[in-house]
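**Q** Pasting data38.csv here (CSV, C-alpha atoms and all ligand atoms):
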chain,number,residue,atom,x,y,z
A,1,MET,CA,-11.3,9.2,-27.7
A,2,SER,CA,-9.0,9.5,-24.7
A,3,LYS,CA,-8.0,6.3,-22.8
A,4,GLN,CA,-10.5,5.3,-20.1
A,5,PHE,CA,-9.5,4.4,-16.5
A,6,ALA,CA,-11.4,3.8,-13.3
A,7,VAL,CA,-11.0,3.0,-9.7
A,8,ILE,CA,-13.4,0.3,-8.4
A,9,GLY,CA,-14.4,-0.2,-4.8
A,10,ASN,CA,-17.3,-0.2,-2.3
A,11,PRO,CA,-17.6,2.5,-1.0
A,12,ILE,CA,-15.9,4.6,-3.6
A,13,GLU,CA,-17.0,8.2,-3.1
A,14,GLN,CA,-14.0,9.0,-0.9
A,15,SER,CA,-11.4,7.9,-3.5
A,16,ARG,CA,-8.9,10.6,-4.6
A,17,SER,CA,-7.5,8.5,-7.5
A,18,PRO,CA,-9.4,10.4,-10.2
A,19,GLU,CA,-7.9,13.8,-9.2
A,20,LEU,CA,-4.4,12.3,-8.9
A,21,HIS,CA,-4.5,10.6,-12.3
A,22,HIS,CA,-5.9,13.7,-14.0
A,23,ALA,CA,-3.1,15.8,-12.3
A,24,PHE,CA,-0.5,13.3,-13.6
A,25,ALA,CA,-2.1,13.4,-17.1
A,26,ALA,CA,-1.9,17.2,-17.1
A,27,LYS,CA,1.8,17.1,-16.1
A,28,THR,CA,2.8,14.5,-18.7
A,29,GLY,CA,0.5,15.7,-21.5
A,30,ILE,CA,-1.3,12.4,-21.8
A,31,ALA,CA,-5.1,12.5,-22.6
A,32,LEU,CA,-7.2,10.3,-20.3
A,33,ASN,CA,-10.5,10.1,-18.5
A,34,TYR,CA,-10.5,8.5,-15.0
A,35,THR,CA,-13.7,7.8,-13.1
A,36,LYS,CA,-15.0,6.1,-10.0
A,37,ARG,CA,-17.0,2.9,-10.2
A,38,LEU,CA,-19.1,1.5,-7.3
A,39,ALA,CA,-19.3,-2.3,-7.6
A,40,PRO,CA,-21.9,-4.2,-5.7
A,41,LEU,CA,-20.3,-6.4,-3.0
A,42,ASP,CA,-21.3,-9.5,-4.9
A,43,GLY,CA,-20.7,-8.0,-8.4
A,44,PHE,CA,-17.0,-7.2,-8.6
A,45,ALA,CA,-16.0,-9.7,-11.4
A,46,GLU,CA,-18.9,-8.6,-13.6
A,47,SER,CA,-18.0,-4.9,-13.2
A,48,VAL,CA,-14.4,-5.5,-14.2
A,49,GLU,CA,-15.4,-7.6,-17.2
A,50,ALA,CA,-17.9,-4.9,-18.3
A,51,PHE,CA,-15.3,-2.1,-18.0
A,52,PHE,CA,-12.7,-3.9,-20.1
A,53,SER,CA,-15.2,-5.1,-22.7
A,54,GLN,CA,-16.3,-1.5,-23.2
A,55,GLY,CA,-12.7,-0.6,-24.1
A,56,GLY,CA,-11.4,0.5,-20.7
A,57,SER,CA,-7.6,0.6,-20.5
A,58,GLY,CA,-6.9,0.1,-16.8
A,59,MET,CA,-8.5,-0.1,-13.4
A,60,ASN,CA,-7.3,0.5,-9.8
A,61,VAL,CA,-8.9,-1.7,-7.2
A,62,THR,CA,-9.6,-0.6,-3.6
A,63,VAL,CA,-11.3,-1.9,-0.5
A,64,PRO,CA,-12.8,-4.6,-0.3
A,65,PHE,CA,-11.9,-6.1,-3.6
A,66,LYS,CA,-8.1,-6.4,-3.8
A,67,GLU,CA,-8.1,-10.1,-3.0
A,68,GLN,CA,-10.9,-10.8,-5.5
A,69,ALA,CA,-8.9,-8.9,-8.1
A,70,PHE,CA,-5.9,-11.1,-7.3
A,71,ALA,CA,-8.0,-14.3,-7.8
A,72,GLN,CA,-9.5,-13.0,-11.1
A,73,CYS,CA,-6.2,-12.2,-12.9
A,74,ALA,CA,-4.7,-14.6,-15.5
A,75,VAL,CA,-1.3,-13.0,-15.2
A,76,LEU,CA,0.3,-11.6,-12.0
A,77,THR,CA,3.5,-9.7,-11.3
A,78,GLU,CA,5.9,-11.2,-8.7
A,79,ARG,CA,5.0,-8.6,-6.1
A,80,ALA,CA,1.3,-9.1,-6.6
A,81,GLN,CA,1.8,-12.9,-6.2
A,82,ILE,CA,3.6,-12.3,-2.9
A,83,ALA,CA,1.0,-9.7,-1.7
A,84,LYS,CA,-1.9,-12.0,-2.7
A,85,ALA,CA,-3.7,-8.8,-3.5
A,86,VAL,CA,-4.0,-6.6,-6.7
A,87,ASN,CA,-4.7,-2.9,-6.9
A,88,THR,CA,-3.8,-2.3,-10.7
A,89,LEU,CA,-5.5,-4.1,-13.6
A,90,TRP,CA,-5.0,-4.0,-17.4
A,91,MET,CA,-5.7,-6.2,-20.4
A,92,GLN,CA,-2.8,-7.5,-22.5
A,93,ASN,CA,-3.1,-10.2,-25.2
A,94,GLY,CA,-6.7,-10.7,-24.2
A,95,GLN,CA,-5.7,-11.6,-20.6
A,96,LEU,CA,-6.4,-9.8,-17.4
A,97,HIS,CA,-3.1,-8.7,-15.8
A,98,GLY,CA,-2.6,-7.6,-12.2
A,99,ASP,CA,0.0,-5.8,-10.2
A,100,ASN,CA,0.2,-4.4,-6.7
A,101,THR,CA,1.8,-1.0,-6.5
A,102,ASP,CA,1.0,-0.2,-2.8
A,103,GLY,CA,4.4,-1.4,-1.4
A,104,GLN,CA,6.4,0.5,-4.0
A,105,GLY,CA,4.2,3.5,-3.3
A,106,LEU,CA,5.2,3.3,0.4
A,107,VAL,CA,8.9,2.9,-0.5
A,108,ASP,CA,8.8,5.9,-2.8
A,109,ALA,CA,6.9,8.0,-0.2
A,110,ILE,CA,9.5,7.2,2.5
A,111,LEU,CA,12.4,8.0,0.1
A,112,ALA,CA,10.7,11.3,-0.9
A,113,LEU,CA,10.8,12.2,2.8
A,114,ASP,CA,14.6,11.6,2.7
A,115,TRP,CA,14.2,9.0,5.4
A,116,PRO,CA,16.6,6.0,5.3
A,117,LEU,CA,15.6,2.5,4.2
A,118,LYS,CA,18.9,0.8,3.3
A,119,ASN,CA,20.2,-1.4,6.1
A,120,THR,CA,17.5,-0.2,8.5
A,121,ASP,CA,15.6,-2.0,11.3
A,122,LEU,CA,12.0,-1.6,10.7
A,123,LEU,CA,8.9,-2.2,12.8
A,124,ILE,CA,5.5,-2.7,11.2
A,125,ILE,CA,2.4,-2.8,13.5
A,126,GLY,CA,-0.4,-4.9,12.1
A,127,ALA,CA,-0.4,-8.2,10.2
A,128,GLY,CA,-3.3,-7.8,7.8
A,129,GLY,CA,-3.5,-7.3,4.0
A,130,ALA,CA,-1.9,-3.8,4.3
A,131,THR,CA,1.3,-5.3,5.9
A,132,ARG,CA,1.4,-8.3,3.5
A,133,GLY,CA,1.3,-5.9,0.5
A,134,VAL,CA,4.4,-3.9,1.5
A,135,ILE,CA,7.0,-6.4,2.9
A,136,TYR,CA,8.5,-7.5,-0.4
A,137,PRO,CA,9.1,-3.9,-1.9
A,138,LEU,CA,10.5,-2.8,1.5
A,139,VAL,CA,13.0,-5.7,1.5
A,140,LYS,CA,13.9,-5.0,-2.2
A,141,ALA,CA,14.6,-1.4,-1.1
A,142,GLY,CA,17.3,-2.7,1.2
A,143,VAL,CA,15.6,-2.9,4.6
A,144,LYS,CA,17.7,-5.3,6.8
A,145,LYS,CA,15.2,-6.4,9.4
A,146,ILE,CA,11.5,-6.2,9.8
A,147,VAL,CA,9.7,-6.9,13.0
A,148,ILE,CA,5.9,-7.5,12.5
A,149,ALA,CA,4.0,-6.7,15.7
A,150,ASN,CA,0.3,-7.6,16.0
A,151,ARG,CA,-2.4,-7.6,18.6
A,152,THR,CA,-3.0,-11.2,17.6
A,153,LEU,CA,0.4,-12.8,17.7
A,154,ALA,CA,-0.6,-15.9,15.7
A,155,ARG,CA,-1.5,-13.8,12.7
A,156,ALA,CA,2.0,-12.1,12.7
A,157,GLU,CA,3.6,-15.5,13.0
A,158,GLN,CA,1.6,-16.9,10.1
A,159,LEU,CA,2.6,-13.9,7.9
A,160,VAL,CA,6.3,-14.4,8.7
A,161,ALA,CA,6.0,-18.1,7.9
A,162,ASP,CA,4.3,-17.3,4.6
A,163,LEU,CA,6.8,-14.6,3.5
A,164,LYS,CA,10.2,-15.6,4.8
A,165,ASP,CA,11.1,-17.7,1.7
A,166,ALA,CA,10.1,-14.8,-0.6
A,167,VAL,CA,12.5,-12.4,1.1
A,168,PRO,CA,15.6,-14.5,2.2
A,169,GLU,CA,17.8,-11.4,2.2
A,170,ALA,CA,15.9,-9.9,5.2
A,171,GLN,CA,15.3,-11.0,8.7
A,172,LEU,CA,11.6,-11.2,9.5
A,173,GLN,CA,10.3,-11.6,13.1
A,174,ALA,CA,6.9,-11.8,14.7
A,175,VAL,CA,6.0,-10.3,18.1
A,176,GLY,CA,2.8,-9.7,20.1
A,177,LEU,CA,1.9,-6.0,20.4
A,178,ASP,CA,2.0,-6.3,24.2
A,179,GLN,CA,5.6,-7.7,24.0
A,180,LEU,CA,6.9,-4.9,21.9
A,181,GLN,CA,10.3,-3.4,22.7
A,182,GLY,CA,13.6,-2.4,21.1
A,183,GLN,CA,15.0,0.3,18.9
A,184,PHE,CA,14.0,0.9,15.3
A,185,ASP,CA,14.9,3.3,12.5
A,186,LEU,CA,11.3,3.5,11.4
A,187,VAL,CA,7.9,2.3,12.7
A,188,ILE,CA,5.0,2.0,10.3
A,189,ASN,CA,1.4,1.7,11.4
A,190,ALA,CA,-0.4,-0.7,9.1
A,191,THR,CA,-3.3,-1.5,11.4
A,192,SER,CA,-6.8,-0.3,10.7
A,193,ALA,CA,-6.9,1.3,14.2
A,194,SER,CA,-7.0,5.0,12.9
A,195,LEU,CA,-9.5,4.1,10.2
A,196,SER,CA,-11.9,2.8,12.9
A,197,GLY,CA,-11.1,5.6,15.4
A,198,ASP,CA,-9.4,3.2,17.9
A,199,ALA,CA,-6.4,4.2,20.0
A,200,LEU,CA,-3.1,2.3,19.6
A,201,ALA,CA,-0.9,2.5,22.6
A,202,LEU,CA,2.9,2.3,22.0
A,203,PRO,CA,4.9,0.9,24.9
A,204,GLU,CA,7.1,3.4,26.8
A,205,GLN,CA,10.2,1.2,26.2
A,206,LEU,CA,9.8,1.2,22.5
A,207,GLN,CA,12.3,3.5,20.7
A,208,PHE,CA,12.1,4.7,17.1
A,209,SER,CA,13.5,7.5,14.9
A,210,HIS,CA,10.7,8.0,12.3
A,211,ALA,CA,7.0,7.2,12.3
A,212,TYR,CA,4.8,6.5,9.2
A,213,GLU,CA,1.0,6.1,9.4
A,214,MET,CA,-0.4,4.4,6.3
A,215,ALA,CA,-3.9,5.9,6.8
A,216,TYR,CA,-4.4,9.6,6.0
A,217,GLY,CA,-6.9,12.3,6.8
A,218,LYS,CA,-7.9,10.7,10.1
A,219,PRO,CA,-6.9,11.4,13.7
A,220,SER,CA,-4.1,9.0,14.6
A,221,SER,CA,-3.2,8.2,18.2
A,222,PHE,CA,-0.1,6.5,16.8
A,223,LEU,CA,1.1,9.8,15.1
A,224,ASP,CA,0.2,11.8,18.3
A,225,GLN,CA,2.5,9.6,20.4
A,226,ALA,CA,5.3,9.8,17.8
A,227,LYS,CA,4.9,13.6,17.7
A,228,ASP,CA,5.0,13.7,21.5
A,229,ARG,CA,8.4,12.0,21.3
A,230,GLY,CA,9.6,14.6,18.8
A,231,VAL,CA,10.4,12.2,15.9
A,232,PRO,CA,9.7,13.0,12.2
A,233,THR,CA,6.2,11.7,11.2
A,234,SER,CA,4.1,11.3,8.0
A,235,GLU,CA,0.7,10.2,7.2
A,236,GLY,CA,-0.1,8.0,4.2
A,237,PHE,CA,-0.9,10.6,1.5
A,238,GLY,CA,2.5,10.1,0.0
A,239,MET,CA,1.9,6.4,-0.2
A,240,LEU,CA,-1.4,7.0,-2.0
A,241,VAL,CA,0.3,9.3,-4.5
A,242,GLY,CA,3.2,6.8,-4.9
A,243,GLN,CA,1.0,3.8,-5.7
A,244,ALA,CA,-1.0,5.9,-8.2
A,245,ILE,CA,2.2,7.0,-9.9
A,246,GLU,CA,3.3,3.4,-10.2
A,247,ALA,CA,0.0,2.4,-11.8
A,248,PHE,CA,0.1,5.4,-14.1
A,249,TYR,CA,3.6,4.3,-15.2
A,250,ILE,CA,2.4,0.7,-16.0
A,251,TRP,CA,-0.5,2.0,-18.1
A,252,ASN,CA,1.0,5.1,-19.8
A,253,GLY,CA,4.8,4.6,-19.7
A,254,ALA,CA,5.4,8.0,-18.1
A,255,LYS,CA,6.4,8.5,-14.5
A,256,PRO,CA,5.5,11.8,-12.8
A,257,LYS,CA,7.7,12.9,-9.9
A,258,LEU,CA,6.3,12.1,-6.4
A,259,LYS,CA,7.7,15.3,-4.9
A,260,ASP,CA,5.6,17.4,-7.4
A,261,PHE,CA,2.4,16.0,-5.8
A,262,ILE,CA,2.9,15.9,-2.1
B,301,LIG,P1,-5.9,-4.5,6.2
B,301,LIG,O1,-6.2,-5.3,5.0
B,301,LIG,O2,-6.2,-3.1,6.2
B,301,LIG,O3,-4.6,-4.8,6.8
B,301,LIG,P2,-7.1,-6.4,8.1
B,301,LIG,O4,-6.6,-7.5,7.3
B,301,LIG,O5,-8.5,-6.4,8.7
B,301,LIG,O6,-7.0,-5.0,7.3
B,301,LIG,O7,-6.1,-6.2,9.3
B,301,LIG,C1,-6.2,-5.2,10.2
B,301,LIG,C2,-5.0,-5.1,11.1
B,301,LIG,O8,-5.2,-4.1,12.1
B,301,LIG,C3,-4.8,-6.4,11.9
B,301,LIG,O9,-3.4,-6.6,12.1
B,301,LIG,C4,-5.5,-6.0,13.3
B,301,LIG,O10,-5.0,-6.8,14.4
B,301,LIG,P3,-5.6,-8.2,14.7
B,301,LIG,O11,-5.0,-9.2,13.7
B,301,LIG,O12,-5.1,-8.5,16.1
B,301,LIG,O13,-7.1,-8.1,14.6
B,301,LIG,C5,-5.1,-4.6,13.4
B,301,LIG,N1,-5.9,-3.8,14.3
B,301,LIG,C6,-7.1,-3.3,14.0
B,301,LIG,N2,-7.6,-2.6,15.0
B,301,LIG,C7,-6.6,-2.6,16.0
B,301,LIG,C8,-6.5,-2.0,17.3
B,301,LIG,N3,-7.5,-1.2,17.8
B,301,LIG,N4,-5.4,-2.2,18.0
B,301,LIG,C9,-4.4,-3.0,17.4
B,301,LIG,N5,-4.4,-3.5,16.2
B,301,LIG,C10,-5.6,-3.3,15.5
Please re-express this file's structure in structure tokens.
Ligand code: ATR

**A**
Amino acid sequence: MSKQFAVIGNPIEQSRSPELHHAFAAKTGIALNYTKRLAPLDGFAESVEAFFSQGGSGMNVTVPFKEQAFAQCAVLTERAQIAKAVNTLWMQNGQLHGDNTDGQGLVDAILALDWPLKNTDLLIIGAGGATRGVIYPLVKAGVKKIVIANRTLARAEQLVADLKDAVPEAQLQAVGLDQLQGQFDLVINATSASLSGDALALPEQLQFSHAYEMAYGKPSSFLDQAKDRGVPTSEGFGMLVGQAIEAFYIWNGAKPKLKDFI
């Protein structure tokens, strides 16, 4: 029987992970079956246990369960510990292991666009779980400075306080969204504004050379403003593919090329 994988979330119908993992499997000649699992909001832990006790090899975890997955793991990678969220699960020596591949997925997507990361000044808008998950891999990729701008300044300040010891090689700074100014090589929208259909107004005085929207397949006022300024833009499909490739690599030991799937 081929190895069994699944993505677990609530809702789950929208997930594109099965089609991606089947495409990677076809490309690498690995036999697998990857399905979607809807877990009840109060039944995540039981669903994970049932999947692995039935012989499942690996799971991806999506909204709203990434923090619960983090709490449930016996063994965590360094980047998952820093993210405080897990999107990739597997069993090893009878213990539930967890990693977070979202940040490396973002890094790989940006590099696949041939945008610079080494020694750059970067602006991330938003200070929720999506931002927390990507800071460490971005710094490991050589980013020099990261400004975290958030509507609620205190949340950005808390995130900087939490993360600064984990990434001593980079400069982290918190600002309020309404105080935002300066010049950046790249701005990343990690807010949930596009997902909920809200506008996100960028100040006139803000200057940037590239714009990445973590969401995909949704209208984005952030991307519209960047396009109006004529800078290169991308939405988050590359990041989705990138995080899936990293998970596939953990489970199967083969690494498909991102550029073949975007
Ligand atoms: P996620 O796990 O996706 O990061 P989250 O933890 O709920 O989700 O965080 C959502 C982020 O989007 C927050 O930074 C939020 O700003 P606040 O901390 O001020 O709430 C930000 N956000 C959501 N809608 C926004 C909007 N319309 N304008 C600006 N920021 C918004």

**Q** Could you please extract the residues within 10 Å of ligand LIG 301 (chain B), counting all atoms listed in the file, and hand them back as number ranges by chain?

**A** A: 63-64, 66-67, 85, 124-133, 148-156, 176-178, 189-201, 214-215

**Q** Determine, counting only C-alpha atoms, every residue of protein, DNA or RNA that lies within 12 Å of (-5.8, -8.1, -22.4) in the file coordinates, then give the result as a list in words.

**A**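 In the file's frame, the residues around the point are Glu49, Phe52, Ser53, Gly55, Gly56, Ser57, Gly58, Cys73, Ala74, Val75, Leu89, Trp90, Met91, Gln92, Asn93, Gly94, Gln95, Leu96, His97 and Gly98 of chain A.
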
**Q** As an exercise, work out the distance from CA of Ala254 in chain A to CA of Asn33 in chain A in Å and give it to one decimal place.

**A** 16.0 Å

**Q** Between CA of Val175 in chain A and CA of Glu204 in chain A, measure the distance and give it in Å to one decimal.

**A**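 So the answer is 16.3 Å.
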
**Q** Find the spatial neighbours of Gly253 in chain A, counting only C-alpha atoms, within a cut-off of 12 Å - ignore same-chain residues fewer than 5 positions away - and output them as a PyMOL selection string.

**A** chain A and resi 24-25+28+30+245-248

**Q** Looking at A:Leu38, A:Ala23, A:Leu138, A:Ala226, which one is nearest to Asp108 in chain A, with distances taken over all atoms listed in the file?

**A** A:Leu138

**Q** For Ile262 in chain A, find every residue with an atom within 12 Å (counting all atoms listed in the file), except residues of its own chain fewer than 2 positions away, and show them as a PyMOL selection string.

**A** chain A and resi 20+23+108-110+112-113+234-242+245+256-260

**Q** What does the distance from CA of Ser220 in chain A to CA of Ile188 in chain A come to in Å, to one decimal?

**A**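 CA of Ser220 in chain A sits 12.3 Å away from CA of Ile188 in chain A.
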
**Q** Would you mind telling me which residue in A:Val86, A:Ala6, A:Val167, A:Ala174 lies nearest to Phe70 in chain A when using only C-alpha atoms?

**A**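 Checking each candidate against Phe70 in chain A, we get A:Val86 as the closest.
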
**Q** Given all atoms listed in the file as the basis, pick out the residue of A:Tyr136, A:Phe51, A:Phe44, A:Phe65 nearest to Ala83 in chain A.

**A**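 Smallest separation from Ala83 in chain A among the options: A:Tyr136.
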
**Q** Set the distance at 9 Å and use all atoms listed in the file: which residues neighbour Gln207 in chain A once local chain neighbours fewer than 4 positions away are removed? I'd like the list as number ranges by chain.

**A** A: 181-185, 203

**Q** Point out the residue among A:Ile250, A:Lys3, A:Phe208, A:Asp224 with the least atom-to-atom distance to Asn100 in chain A, counting only C-alpha atoms.

**A** A:Ile250

**Q** For Thr77 in chain A, which residue out of A:Asp99, A:Ser17, A:Leu122, A:Gln104 is the nearest one, using all atoms listed in the file?

**A**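 Once distances to Thr77 in chain A are computed over all atoms listed in the file, the minimum belongs to A:Asp99.
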
**Q** At a cut-off of 9 Å from (15.3, 2.9, 6.4) in the coordinates of the file, what residues are picked up using all atoms listed in the file, written as a PyMOL selection string?

**A** chain A and resi 110-111+115-122+138+141-144+185-186

**Q** Please determine, counting all atoms listed in the file, which residue among A:Ala26, A:Ile12, A:Ala31, A:Val48 has the shortest atom-to-atom distance to Gln72 in chain A.

**A**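 Of all the options, A:Val48 lies closest to Gln72 in chain A.
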